[in-house]
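Participant: This is model_20.pdb (PDB, C-alpha atoms and all ligand atoms).
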```
MODEL        1
ATOM      1  CA  MET A 533       5.244  21.143  -2.427
ATOM      2  CA  THR A 534       2.792  18.286  -2.086
ATOM      3  CA  GLY A 535       2.327  15.903   0.822
ATOM      4  CA  LEU A 536       2.642  16.686   4.500
ATOM      5  CA  GLU A 537       5.131  19.321   5.629
ATOM      6  CA  ILE A 538       6.196  19.890   9.194
ATOM      7  CA  ASP A 539       7.941  23.231   9.034
ATOM      8  CA  GLY A 540       9.901  24.642  11.951
ATOM      9  CA  ILE A 541       7.610  23.422  14.733
ATOM     10  CA  SER A 542       8.629  24.403  18.258
ATOM     11  CA  LYS A 543       6.834  23.461  21.449
ATOM     12  CA  ARG A 544       7.585  23.901  25.146
ATOM     13  CA  PHE A 545       5.846  22.383  28.133
ATOM     14  CA  GLY A 546       6.837  24.783  30.934
ATOM     15  CA  ASP A 547      10.633  24.556  31.086
ATOM     16  CA  VAL A 548      10.797  21.477  28.866
ATOM     17  CA  VAL A 549      11.610  22.154  25.240
ATOM     18  CA  ALA A 550       9.759  19.256  23.603
ATOM     19  CA  LEU A 551      10.373  20.405  20.013
ATOM     20  CA  HIS A 552      12.843  22.850  18.573
ATOM     21  CA  GLU A 553      12.271  23.837  14.944
ATOM     22  CA  MET A 554      11.273  20.329  13.952
ATOM     23  CA  THR A 555      11.214  20.134  10.172
ATOM     24  CA  PHE A 556      10.557  17.330   7.706
ATOM     25  CA  ASP A 557       8.158  16.386   4.958
ATOM     26  CA  VAL A 558       6.328  13.242   3.972
ATOM     27  CA  ARG A 559       5.714  13.000   0.254
ATOM     28  CA  PRO A 560       2.664  11.468  -1.379
ATOM     29  CA  GLY A 561       3.176   7.723  -1.733
ATOM     30  CA  GLU A 562       5.994   7.672   0.780
ATOM     31  CA  LEU A 563       6.370   5.588   3.926
ATOM     32  CA  PHE A 564       8.279   7.752   6.382
ATOM     33  CA  GLY A 565       9.701   6.254   9.583
ATOM     34  CA  PHE A 566       9.983   8.571  12.550
ATOM     35  CA  VAL A 567      12.484   7.255  15.086
ATOM     36  CA  GLY A 568      14.057   8.578  18.263
ATOM     37  CA  SER A 569      14.613   7.696  21.896
ATOM     38  CA  ASN A 570      11.908   7.909  24.530
ATOM     39  CA  GLY A 571      10.896  11.513  25.055
ATOM     40  CA  ALA A 572      12.565  12.741  21.842
ATOM     41  CA  GLY A 573       9.374  14.450  20.647
ATOM     42  CA  LYS A 574       7.700  12.070  18.199
ATOM     43  CA  THR A 575       4.286  11.971  19.839
ATOM     44  CA  THR A 576       4.283  15.738  20.357
ATOM     45  CA  THR A 577       5.045  16.260  16.649
ATOM     46  CA  MET A 578       2.237  13.931  15.609
ATOM     47  CA  ARG A 579      -0.237  15.548  17.975
ATOM     48  CA  ILE A 580       0.610  18.943  16.541
ATOM     49  CA  ALA A 581       0.202  17.611  12.984
ATOM     50  CA  LEU A 582      -3.243  16.418  14.030
ATOM     51  CA  GLY A 583      -4.177  19.671  15.687
ATOM     52  CA  VAL A 584      -4.768  17.946  19.037
ATOM     53  CA  LEU A 585      -2.012  20.188  20.366
ATOM     54  CA  SER A 586      -1.006  23.639  19.156
ATOM     55  CA  ALA A 587       2.564  24.604  18.327
ATOM     56  CA  ASP A 588       4.344  27.634  19.802
ATOM     57  CA  ALA A 589       5.894  28.314  16.407
ATOM     58  CA  GLY A 590       6.045  26.802  12.946
ATOM     59  CA  GLU A 591       3.454  25.463  10.554
ATOM     60  CA  VAL A 592       1.995  22.177   9.340
ATOM     61  CA  ARG A 593       1.009  22.174   5.659
ATOM     62  CA  TYR A 594      -0.713  19.697   3.401
ATOM     63  CA  ASP A 595      -0.309  20.091  -0.349
ATOM     64  CA  GLY A 596       1.258  23.494   0.222
ATOM     65  CA  ALA A 597      -1.551  24.976   2.335
ATOM     66  CA  PRO A 598      -1.744  25.275   6.131
ATOM     67  CA  VAL A 599      -3.625  22.339   7.667
ATOM     68  CA  THR A 600      -7.097  23.448   8.694
ATOM     69  CA  HIS A 601      -9.947  21.848  10.579
ATOM     70  CA  GLU A 602     -11.296  20.642   7.218
ATOM     71  CA  THR A 603      -7.955  19.113   6.104
ATOM     72  CA  ARG A 604      -7.659  17.305   9.432
ATOM     73  CA  ARG A 605     -10.797  15.326   8.656
ATOM     74  CA  HIS A 606      -8.734  13.625   5.978
ATOM     75  CA  ILE A 607      -5.978  12.525   8.321
ATOM     76  CA  GLY A 608      -6.021   8.987   9.653
ATOM     77  CA  TYR A 609      -4.462   9.019  13.117
ATOM     78  CA  MET A 610      -3.463   6.227  15.425
ATOM     79  CA  PRO A 611      -2.727   7.804  18.806
ATOM     80  CA  GLU A 612      -0.130   6.320  21.134
ATOM     81  CA  GLU A 613      -2.583   6.128  24.005
ATOM     82  CA  ARG A 614      -5.075   4.405  21.673
ATOM     83  CA  GLY A 615      -8.479   5.981  21.567
ATOM     84  CA  LEU A 616     -11.220   3.406  21.291
ATOM     85  CA  TYR A 617     -14.375   3.219  23.379
ATOM     86  CA  PRO A 618     -13.907  -0.023  25.349
ATOM     87  CA  LYS A 619     -17.577  -0.829  25.732
ATOM     88  CA  MET A 620     -18.595  -0.183  22.136
ATOM     89  CA  LYS A 621     -18.755  -3.044  19.641
ATOM     90  CA  VAL A 622     -16.049  -3.172  16.978
ATOM     91  CA  ALA A 623     -18.133  -2.622  13.824
ATOM     92  CA  GLU A 624     -20.445  -0.160  15.535
ATOM     93  CA  GLN A 625     -17.478   1.880  16.697
ATOM     94  CA  LEU A 626     -15.755   1.924  13.315
ATOM     95  CA  THR A 627     -18.981   2.932  11.591
ATOM     96  CA  TYR A 628     -19.457   5.702  14.145
ATOM     97  CA  LEU A 629     -15.912   6.999  13.607
ATOM     98  CA  ALA A 630     -16.324   6.997   9.837
ATOM     99  CA  ARG A 631     -19.587   8.944  10.244
ATOM    100  CA  LEU A 632     -17.789  11.456  12.476
ATOM    101  CA  HIS A 633     -15.379  12.084   9.619
ATOM    102  CA  GLY A 634     -18.295  12.862   7.335
ATOM    103  CA  MET A 635     -18.946   9.536   5.577
ATOM    104  CA  PRO A 636     -22.567   8.742   4.638
ATOM    105  CA  ALA A 637     -24.066   5.916   6.778
ATOM    106  CA  ALA A 638     -24.072   3.175   4.125
ATOM    107  CA  ASP A 639     -20.487   3.941   3.065
ATOM    108  CA  ALA A 640     -19.407   4.004   6.704
ATOM    109  CA  ARG A 641     -20.893   0.544   7.333
ATOM    110  CA  ALA A 642     -19.331  -0.852   4.169
ATOM    111  CA  SER A 643     -15.948   0.615   5.040
ATOM    112  CA  ALA A 644     -16.096  -0.801   8.588
ATOM    113  CA  GLY A 645     -16.859  -4.215   7.061
ATOM    114  CA  LYS A 646     -14.030  -3.913   4.560
ATOM    115  CA  TRP A 647     -11.383  -2.929   7.101
ATOM    116  CA  THR A 648     -12.331  -5.477   9.755
ATOM    117  CA  GLU A 649     -12.056  -8.106   7.027
ATOM    118  CA  ARG A 650      -8.750  -6.772   5.743
ATOM    119  CA  LEU A 651      -7.208  -6.573   9.206
ATOM    120  CA  GLY A 652      -8.343 -10.020  10.281
ATOM    121  CA  VAL A 653     -10.852  -9.001  12.962
ATOM    122  CA  ALA A 654     -14.081  -9.656  11.041
ATOM    123  CA  ALA A 655     -14.997 -12.490  13.422
ATOM    124  CA  ARG A 656     -14.903  -9.999  16.322
ATOM    125  CA  ARG A 657     -17.110  -7.356  14.701
ATOM    126  CA  ASP A 658     -19.893  -7.752  17.244
ATOM    127  CA  ASP A 659     -17.660  -7.964  20.311
ATOM    128  CA  GLU A 660     -16.996  -5.098  22.649
ATOM    129  CA  VAL A 661     -13.504  -3.702  22.076
ATOM    130  CA  GLN A 662     -12.525  -4.363  25.713
ATOM    131  CA  LYS A 663     -13.073  -8.114  25.180
ATOM    132  CA  LEU A 664     -10.407  -8.277  22.469
ATOM    133  CA  SER A 665      -6.744  -9.094  23.084
ATOM    134  CA  LEU A 666      -4.404  -6.087  22.981
ATOM    135  CA  GLY A 667      -3.079  -7.061  19.553
ATOM    136  CA  ASN A 668      -6.587  -7.341  18.146
ATOM    137  CA  GLN A 669      -7.514  -4.021  19.727
ATOM    138  CA  GLN A 670      -4.567  -2.586  17.877
ATOM    139  CA  ARG A 671      -5.813  -4.006  14.594
ATOM    140  CA  VAL A 672      -9.144  -2.294  15.306
ATOM    141  CA  GLN A 673      -7.236   0.882  16.121
ATOM    142  CA  LEU A 674      -5.613   0.760  12.702
ATOM    143  CA  ALA A 675      -9.020   0.128  11.147
ATOM    144  CA  ALA A 676     -10.207   3.249  13.007
ATOM    145  CA  ALA A 677      -7.401   5.265  11.411
ATOM    146  CA  LEU A 678      -8.307   3.933   7.958
ATOM    147  CA  VAL A 679     -12.077   3.634   7.999
ATOM    148  CA  HIS A 680     -12.755   7.114   6.593
ATOM    149  CA  GLU A 681     -10.304   6.526   3.723
ATOM    150  CA  PRO A 682      -7.869   9.255   4.807
ATOM    151  CA  ARG A 683      -5.530  11.157   2.477
ATOM    152  CA  ILE A 684      -2.766  11.292   5.089
ATOM    153  CA  LEU A 685      -1.790   8.658   7.673
ATOM    154  CA  VAL A 686      -0.070   9.536  10.947
ATOM    155  CA  LEU A 687       0.500   6.527  13.188
ATOM    156  CA  ASP A 688       2.088   6.576  16.618
ATOM    157  CA  GLU A 689       3.898   3.281  17.243
ATOM    158  CA  PRO A 690       1.453   1.162  15.244
ATOM    159  CA  PHE A 691       3.674  -1.927  15.503
ATOM    160  CA  SER A 692       4.217  -2.051  19.245
ATOM    161  CA  GLY A 693       2.877  -5.202  20.834
ATOM    162  CA  LEU A 694       1.870  -6.930  17.597
ATOM    163  CA  ASP A 695       2.581 -10.574  16.844
ATOM    164  CA  PRO A 696       4.605 -11.320  13.669
ATOM    165  CA  VAL A 697       1.488 -12.085  11.608
ATOM    166  CA  ALA A 698      -0.135  -8.819  12.649
ATOM    167  CA  VAL A 699       3.134  -6.998  11.851
ATOM    168  CA  ASP A 700       2.961  -8.424   8.334
ATOM    169  CA  VAL A 701      -0.686  -7.423   7.906
ATOM    170  CA  MET A 702       0.023  -3.919   9.216
ATOM    171  CA  SER A 703       3.112  -3.551   6.975
ATOM    172  CA  GLN A 704       1.178  -4.685   3.930
ATOM    173  CA  VAL A 705      -1.685  -2.269   4.569
ATOM    174  CA  LEU A 706       0.696   0.662   5.058
ATOM    175  CA  LYS A 707       2.521  -0.198   1.839
ATOM    176  CA  GLU A 708      -0.787  -0.374  -0.034
ATOM    177  CA  LYS A 709      -1.886   2.999   1.322
ATOM    178  CA  ALA A 710       1.436   4.532   0.286
ATOM    179  CA  ALA A 711       1.100   2.931  -3.163
ATOM    180  CA  GLU A 712      -2.269   4.707  -3.473
ATOM    181  CA  GLY A 713      -0.399   8.000  -3.046
ATOM    182  CA  VAL A 714      -1.076   8.600   0.648
ATOM    183  CA  PRO A 715       1.790  10.122   2.668
ATOM    184  CA  VAL A 716       2.311   7.720   5.581
ATOM    185  CA  VAL A 717       4.346   8.621   8.665
ATOM    186  CA  PHE A 718       4.741   6.301  11.617
ATOM    187  CA  SER A 719       6.906   6.230  14.703
ATOM    188  CA  SER A 720       8.565   3.062  15.878
ATOM    189  CA  HIS A 721      11.321   1.719  18.067
ATOM    190  CA  GLN A 722      11.564  -1.392  15.881
ATOM    191  CA  LEU A 723      14.411  -0.217  13.694
ATOM    192  CA  ASP A 724      14.768  -3.411  11.702
ATOM    193  CA  LEU A 725      11.168  -2.964  10.628
ATOM    194  CA  VAL A 726      11.696   0.713   9.815
ATOM    195  CA  GLU A 727      14.780  -0.165   7.792
ATOM    196  CA  ARG A 728      12.873  -2.780   5.823
ATOM    197  CA  LEU A 729       9.690  -0.835   5.260
ATOM    198  CA  CYS A 730      10.408   2.852   4.939
ATOM    199  CA  ASP A 731      11.297   4.920   1.903
ATOM    200  CA  ARG A 732      12.806   7.570   4.159
ATOM    201  CA  VAL A 733      13.629   7.814   7.816
ATOM    202  CA  GLY A 734      13.954  10.745  10.190
ATOM    203  CA  ILE A 735      15.944  10.420  13.403
ATOM    204  CA  VAL A 736      14.856  12.832  16.108
ATOM    205  CA  ARG A 737      16.894  13.721  19.156
ATOM    206  CA  SER A 738      15.865  16.103  21.927
ATOM    207  CA  GLY A 739      13.102  17.657  19.829
ATOM    208  CA  ARG A 740      15.236  18.220  16.725
ATOM    209  CA  MET A 741      15.490  16.315  13.483
ATOM    210  CA  VAL A 742      19.118  15.253  13.370
ATOM    211  CA  ALA A 743      19.190  13.019  10.301
ATOM    212  CA  VAL A 744      16.769  12.485   7.469
ATOM    213  CA  GLY A 745      17.060  10.532   4.259
ATOM    214  CA  THR A 746      16.646   7.130   2.699
ATOM    215  CA  VAL A 747      18.114   4.283   4.713
ATOM    216  CA  ALA A 748      20.845   3.994   2.066
ATOM    217  CA  GLU A 749      21.682   7.707   2.365
ATOM    218  CA  LEU A 750      21.823   7.563   6.147
ATOM    219  CA  ARG A 751      23.992   4.463   6.080
ATOM    220  CA  ALA A 752      26.335   6.001   3.516
ATOM    221  CA  GLY A 753      26.720   9.051   5.786
ATOM    222  CA  GLY A 754      27.767   6.920   8.746
ATOM    223  CA  ALA A 755      31.376   6.146   9.620
ATOM    224  CA  LEU A 756      33.067   3.696   7.276
ATOM    225  CA  ARG A 757      33.790   0.311   8.755
ATOM    226  CA  LEU A 758      36.183  -2.388   7.690
ATOM    227  CA  ARG A 759      35.950  -6.091   8.356
ATOM    228  CA  VAL A 760      39.357  -7.688   8.109
ATOM    229  CA  ASP A 761      40.023 -11.422   8.434
ATOM    230  CA  VAL A 762      43.688 -11.925   9.343
ATOM    231  CA  PRO A 763      44.190 -15.418  10.813
ATOM    232  CA  ASP A 764      47.873 -15.005  11.716
ATOM    233  CA  ALA A 765      47.651 -11.518  13.247
ATOM    234  CA  GLY A 766      48.307 -10.805  16.901
ATOM    235  CA  ASP A 767      45.795  -8.829  18.958
ATOM    236  CA  GLY A 768      47.264  -5.362  18.543
ATOM    237  CA  TRP A 769      47.924  -5.544  14.790
ATOM    238  CA  ALA A 770      45.783  -2.491  13.951
ATOM    239  CA  ASP A 771      46.688  -0.408  17.011
ATOM    240  CA  GLY A 772      48.199   2.980  16.331
ATOM    241  CA  LEU A 773      47.031   3.339  12.731
ATOM    242  CA  PRO A 774      46.019   7.017  12.350
ATOM    243  CA  GLY A 775      42.222   7.588  12.494
ATOM    244  CA  VAL A 776      41.501   3.885  12.974
ATOM    245  CA  LYS A 777      39.467   2.596  15.912
ATOM    246  CA  VAL A 778      39.389  -1.107  16.690
ATOM    247  CA  LEU A 779      35.763  -1.988  17.445
ATOM    248  CA  GLY A 780      36.413  -5.583  18.352
ATOM    249  CA  ARG A 781      37.735  -8.936  17.318
ATOM    250  CA  THR A 782      35.892 -12.210  16.919
ATOM    251  CA  GLY A 783      38.123 -15.179  16.101
ATOM    252  CA  SER A 784      40.392 -14.013  13.308
ATOM    253  CA  VAL A 785      38.065 -11.183  12.205
ATOM    254  CA  THR A 786      38.765  -7.620  13.349
ATOM    255  CA  GLU A 787      36.129  -4.885  12.959
ATOM    256  CA  LEU A 788      37.521  -1.397  12.468
ATOM    257  CA  GLU A 789      36.015   2.045  12.170
ATOM    258  CA  LEU A 790      37.732   4.619   9.981
ATOM    259  CA  GLY A 791      37.545   8.212  11.163
ATOM    260  CA  GLU A 792      38.849  11.492   9.711
ATOM    261  CA  GLY A 793      42.210  11.087   7.985
ATOM    262  CA  ALA A 794      42.210   7.300   8.106
ATOM    263  CA  ASP A 795      43.684   5.498   5.107
ATOM    264  CA  ASP A 796      42.177   2.130   4.244
ATOM    265  CA  GLN A 797      45.262   1.249   2.177
ATOM    266  CA  ALA A 798      47.449   1.702   5.260
ATOM    267  CA  VAL A 799      45.117  -0.727   7.056
ATOM    268  CA  LEU A 800      45.478  -3.205   4.210
ATOM    269  CA  LYS A 801      49.292  -2.892   4.341
ATOM    270  CA  ALA A 802      49.286  -3.485   8.102
ATOM    271  CA  ALA A 803      46.992  -6.487   7.606
ATOM    272  CA  LEU A 804      49.222  -7.981   4.892
ATOM    273  CA  ALA A 805      52.242  -7.491   7.128
ATOM    274  CA  THR A 806      50.721 -10.031   9.522
ATOM    275  CA  GLY A 807      50.370 -12.778   6.893
ATOM    276  CA  PRO A 808      47.476 -13.820   4.655
ATOM    277  CA  VAL A 809      44.366 -11.604   4.455
ATOM    278  CA  ARG A 810      41.284 -13.761   3.910
ATOM    279  CA  GLU A 811      38.773 -10.909   3.813
ATOM    280  CA  PHE A 812      39.004  -7.147   3.560
ATOM    281  CA  ALA A 813      35.519  -5.649   3.268
ATOM    282  CA  ARG A 814      33.896  -2.261   3.667
ATOM    283  CA  GLU A 815      30.724  -2.294   5.706
ATOM    284  CA  GLN A 816      28.062   0.291   6.306
ATOM    285  CA  PRO A 817      26.385   0.592   9.676
ATOM    286  CA  SER A 818      22.833  -0.685  10.096
ATOM    287  CA  LEU A 819      20.071   1.745  11.023
ATOM    288  CA  THR A 820      20.249   0.404  14.577
ATOM    289  CA  GLU A 821      23.973   1.202  14.771
ATOM    290  CA  LEU A 822      23.413   4.673  13.323
ATOM    291  CA  PHE A 823      20.650   5.268  15.817
ATOM    292  CA  ARG A 824      22.897   4.173  18.682
ATOM    293  CA  SER A 825      25.641   6.537  17.590
ATOM    294  CA  VAL A 826      23.141   9.419  17.487
ATOM    295  CA  VAL A 827      21.852   8.559  20.958
ATOM    296  CA  THR A 828      25.382   8.168  22.350
ATOM    297  CA  HIS A 829      26.249  11.535  20.890
ATOM    298  CA  GLU A 830      23.288  12.933  22.805
ATOM    299  CA  GLU A 831      24.524  11.444  26.063
ATOM    300  CA  VAL A 832      28.012  12.793  25.511
ATOM    301  CA  ALA A 833      26.634  16.240  24.660
ATOM    302  CA  ALA A 834      24.196  16.320  27.614
TER     303      ALA A 834
HETATM  304  N1  LIG A 901       1.523  17.191  28.146
HETATM  305  C1  LIG A 901       2.811  17.305  28.477
HETATM  306  N2  LIG A 901       3.203  18.032  29.548
HETATM  307  C2  LIG A 901       4.503  18.174  29.881
HETATM  308  N3  LIG A 901       5.515  17.610  29.190
HETATM  309  C3  LIG A 901       5.205  16.871  28.119
HETATM  310  C4  LIG A 901       3.838  16.665  27.699
HETATM  311  N4  LIG A 901       3.842  15.885  26.594
HETATM  312  C5  LIG A 901       5.144  15.605  26.333
HETATM  313  N5  LIG A 901       5.952  16.201  27.242
HETATM  314  C6  LIG A 901       7.440  16.145  27.240
HETATM  315  O1  LIG A 901       7.877  16.469  25.932
HETATM  316  C7  LIG A 901       8.989  15.667  25.543
HETATM  317  C8  LIG A 901       8.675  14.885  24.276
HETATM  318  O2  LIG A 901       7.724  13.860  24.560
HETATM  319  P1  LIG A 901       7.062  12.921  23.442
HETATM  320  O3  LIG A 901       5.969  12.158  24.106
HETATM  321  O4  LIG A 901       6.704  13.745  22.262
HETATM  322  O5  LIG A 901       8.271  11.946  23.072
HETATM  323  P2  LIG A 901       8.281  10.614  22.185
HETATM  324  O6  LIG A 901       9.397  10.775  21.216
HETATM  325  O7  LIG A 901       6.944  10.346  21.613
HETATM  326  O8  LIG A 901       8.667   9.492  23.251
HETATM  327  P3  LIG A 901       8.303   7.908  23.348
HETATM  328  O9  LIG A 901       9.182   7.215  22.368
HETATM  329  O10 LIG A 901       8.677   7.610  24.754
HETATM  330  O11 LIG A 901       6.843   7.776  23.069
HETATM  331  C9  LIG A 901       9.299  14.783  26.763
HETATM  332  O12 LIG A 901      10.292  15.437  27.509
HETATM  333  C10 LIG A 901       7.975  14.756  27.516
HETATM  334  O13 LIG A 901       8.194  14.523  28.882
ENDMDL
END
```
Could you rewrite the structure in this file as structure tokens?

Facilitator:
Amino acid sequence: MTGLEIDGISKRFGDVVALHEMTFDVRPGELFGFVGSNGAGKTTTMRIALGVLSADAGEVRYDGAPVTHETRRHIGYMPEERGLYPKMKVAEQLTYLARLHGMPAADARASAGKWTERLGVAARRDDEVQKLSLGNQQRVQLAAALVHEPRILVLDEPFSGLDPVAVDVMSQVLKEKAAEGVPVVFSSHQLDLVERLCDRVGIVRSGRMVAVGTVAELRAGGALRLRVDVPDAGDGWADGLPGVKVLGRTGSVTELELGEGADDQAVLKAALATGPVREFAREQPSLTELFRSVVTHEEVAA
């Protein structure tokens, strides 16, 4: 198995079970989106992958071998709490960080120059980090994760607080890194962005991975929905159909969810019985809707 593997990681903080047998893998060249509600365990997983925190059980592997101190030098990490020295100048800081990861001085300087340019902060190279806006600090933070040309990227909410232009720059850079064969995992609450950008997505709930797959796979696994446009129908036209839940009605369009044992042909018959049917379409839930149903499930179960 190549790439990054998180295999059965468990972690408790006192009585709090932060992670329970968390398992997923990020393949070389893949952009993997890690999503979940606040406190679900994303940051803890990333910290364990980085070795900043130790797991109670389980293993993190890279290219089939347990991640060691040496392997960790090749991980580019963007921590949630952001980890720059506020009083150090941008280029100086990036060069220093690259040197810490073992880059020779000249290469480190060149790489700092390249990444400040690429991320649109070249004009701020000689400013102290604390003098930059938060969004620009975040660009520098990404540069810090990239400056030593890592083989793995682990980014904790890299998109939070960025303006749309910075989101585009960040997305482009992550895609390029993935295209170079780097496994890229990032957490985000911006599900539209995750849906657009990621090859695969993992949804985590209460420290467990509850769904993982491509966006298309996850959507296909969600409940089937129907959108039915019946202009002459009365309000209760779909009530009482077995396994059918009416989600709502806007104008003449009724949205339905089909559960176990529901028959879409019976829905069509009921629709036709009301008069003309202008639209009868199957719809798959968006990632945001899937996420909501997972979170609601959690609340019901809790
Ligand atoms: N150092 C710590 N001490 C005690 N509890 C902790 C510690 N770090 C995390 N936790 C707990 O572990 C659980 C998982 O937290 P974590 O920060 O990994 O979630 P998250 O998915 O990153 O959340 P968010 O989306 O809010 O950043 C939470 O219940 C949190 O309170």

Participant: Would you give the centre and edge lengths, in Å to one decimal, of a box along x, y and z around the listed atoms of ligand LIG 901 (chain A), with 8 Å added to each side, as AutoDock Vina command-line options?

Facilitator:
```
--center_x 5.9 --center_y 12.7 --center_z 25.5 --size_x 24.8 --size_y 27.0 --size_z 24.7
```

Participant: Fewer than 2 positions away in the same chain doesn't count, so skip those; otherwise give me all residues within 8 Å of segment 817-826 of chain A, counting all atoms listed in the file, as a list in words.

Facilitator: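 So, after excluding close chain neighbours, the residues are Gly568, Leu723, Asp724, Glu727, Ile735, Arg737, Val747, Leu750, Arg751, Gly754, Ala755, Leu756, Arg757, Glu815, Thr828, His829 and Glu830 of chain A.
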
Participant: Which is closer to Phe566 of chain A than all the others in A:His680, A:Arg671, A:Arg740, A:Arg641, using only C-alpha atoms?

Facilitator: A:Arg740

Participant: Distance table requested - chain A against ligand LIG 901 (chain A), cut-off 6 Å, only C-alpha atoms and all ligand atoms: one row per qualifying residue with the closest atom pair and its distance in Å to one decimal, ordered by chain and rising residue number, as a tab-separated table.

Facilitator:
```
residue	atom	partner	partner_atom	distance
A:Phe545	CA	A:LIG901	C2	4.8
A:Ala550	CA	A:LIG901	O1	4.1
A:Gly568	CA	A:LIG901	O6	5.9
A:Ser569	CA	A:LIG901	O9	5.5
A:Asn570	CA	A:LIG901	O10	3.3
A:Gly571	CA	A:LIG901	O5	3.3
A:Ala572	CA	A:LIG901	O6	3.8
A:Gly573	CA	A:LIG901	O4	3.2
A:Lys574	CA	A:LIG901	O6	3.7
A:Thr575	CA	A:LIG901	O7	3.6
A:Thr576	CA	A:LIG901	O4	3.7
```

Participant: Can you list, as a VMD selection string, the residues that the PyMOL selection byres (((chain A and resi 626-636) around 10) and not hetatm) selects here?

Facilitator: chain A and resid 602 604 to 608 616 620 to 625 637 to 645 647 to 648 657 672 to 673 675 to 682

Participant: If you measure from atom CA of Thr746 of chain A to atom CA of Gly565 of chain A, what distance in Å do you get, rounded to one decimal?

Facilitator: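 Atom-to-atom, atom CA of Thr746 of chain A to atom CA of Gly565 of chain A, that is 9.8 Å.
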
Participant: Taking the file as shown, what set of residues would the PyMOL selection byres (((chain A and resi 541) around 8) and not hetatm) give back, as a PyMOL selection string?

Facilitator: chain A and resi 538-540+542-543+551-555+577+587-592

Participant: Tell me, in Å to one decimal, how far atom CA of Gln669 of chain A is from atom CA of Gly734 of chain A.

Facilitator: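 Between atom CA of Gln669 of chain A and atom CA of Gly734 of chain A the gap works out to 27.7 Å.
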
Participant: If the PyMOL selection byres (((chain A and resi 767-782) around 10) and not hetatm) is run on the structure shown, which residues does it catch, given as a PyMOL selection string?

Facilitator: chain A and resi 757-762+764-766+783-796+798-800+802-803+805-806

Participant: Have a look at A:Pro560, A:Pro690, A:Gly583, A:Gly667 and name the one nearest to Asp731 of chain A; count all atoms listed in the file.

Facilitator: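 For Asp731 of chain A, the nearest of the candidates is A:Pro560.
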
Participant: Extract, using only C-alpha atoms, all DNA, RNA and protein residues at most 12 Å from Leu563 of chain A, discarding same-chain residues fewer than 3 positions from it, and format them as a PyMOL selection string.

Facilitator: chain A and resi 535-536+557-560+566+684-687+703-719+725-734+745-747

Participant: Would you pick out the contacts of Glu613 of chain A at 10 Å or less, using only C-alpha atoms, so that residues sharing its chain but fewer than 2 positions from it are not included, and give the list as a list of chain:residue names?

Facilitator: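 These residues fall inside the cut-off: A:Thr575, A:Met610, A:Pro611, A:Gly615, A:Leu616, A:Asp688, A:Glu689.
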
Participant: Rebuild N, CA and C atoms on segment 787-799 of chain A, as a short mmCIF file (atom, residue, chain, number, x, y, z; two decimals), in the frame of the given file?

Facilitator:
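Below you can see rebuild13.cif, which holds the result:
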```
data_model
loop_
_atom_site.label_atom_id
_atom_site.label_comp_id
_atom_site.auth_asym_id
_atom_site.auth_seq_id
_atom_site.Cartn_x
_atom_site.Cartn_y
_atom_site.Cartn_z
N GLU A 787 37.01 -5.94 13.49
CA GLU A 787 36.13 -4.88 12.96
C GLU A 787 36.76 -3.55 13.30
N LEU A 788 36.88 -2.70 12.28
CA LEU A 788 37.52 -1.40 12.47
C LEU A 788 36.60 -0.28 12.01
N GLU A 789 36.75 0.87 12.63
CA GLU A 789 36.02 2.04 12.17
C GLU A 789 37.04 3.07 11.71
N LEU A 790 36.79 3.64 10.52
CA LEU A 790 37.73 4.62 9.98
C LEU A 790 37.20 6.03 10.21
N GLY A 791 37.94 6.83 10.92
CA GLY A 791 37.54 8.21 11.16
C GLY A 791 38.24 9.15 10.19
N GLU A 792 38.20 10.45 10.52
CA GLU A 792 38.85 11.49 9.71
C GLU A 792 40.32 11.14 9.49
N GLY A 793 40.78 11.26 8.27
CA GLY A 793 42.21 11.09 7.98
C GLY A 793 42.69 9.64 7.95
N ALA A 794 41.78 8.70 8.13
CA ALA A 794 42.21 7.30 8.11
C ALA A 794 42.42 6.85 6.66
N ASP A 795 43.36 5.95 6.46
CA ASP A 795 43.68 5.50 5.11
C ASP A 795 43.46 3.98 5.05
N ASP A 796 42.47 3.56 4.26
CA ASP A 796 42.18 2.13 4.24
C ASP A 796 43.34 1.32 3.65
N GLN A 797 44.12 1.96 2.76
CA GLN A 797 45.26 1.25 2.18
C GLN A 797 46.36 0.98 3.22
N ALA A 798 46.48 1.91 4.17
CA ALA A 798 47.45 1.70 5.26
C ALA A 798 46.98 0.53 6.13
N VAL A 799 45.67 0.40 6.29
CA VAL A 799 45.12 -0.73 7.06
C VAL A 799 45.42 -2.03 6.33
#
```
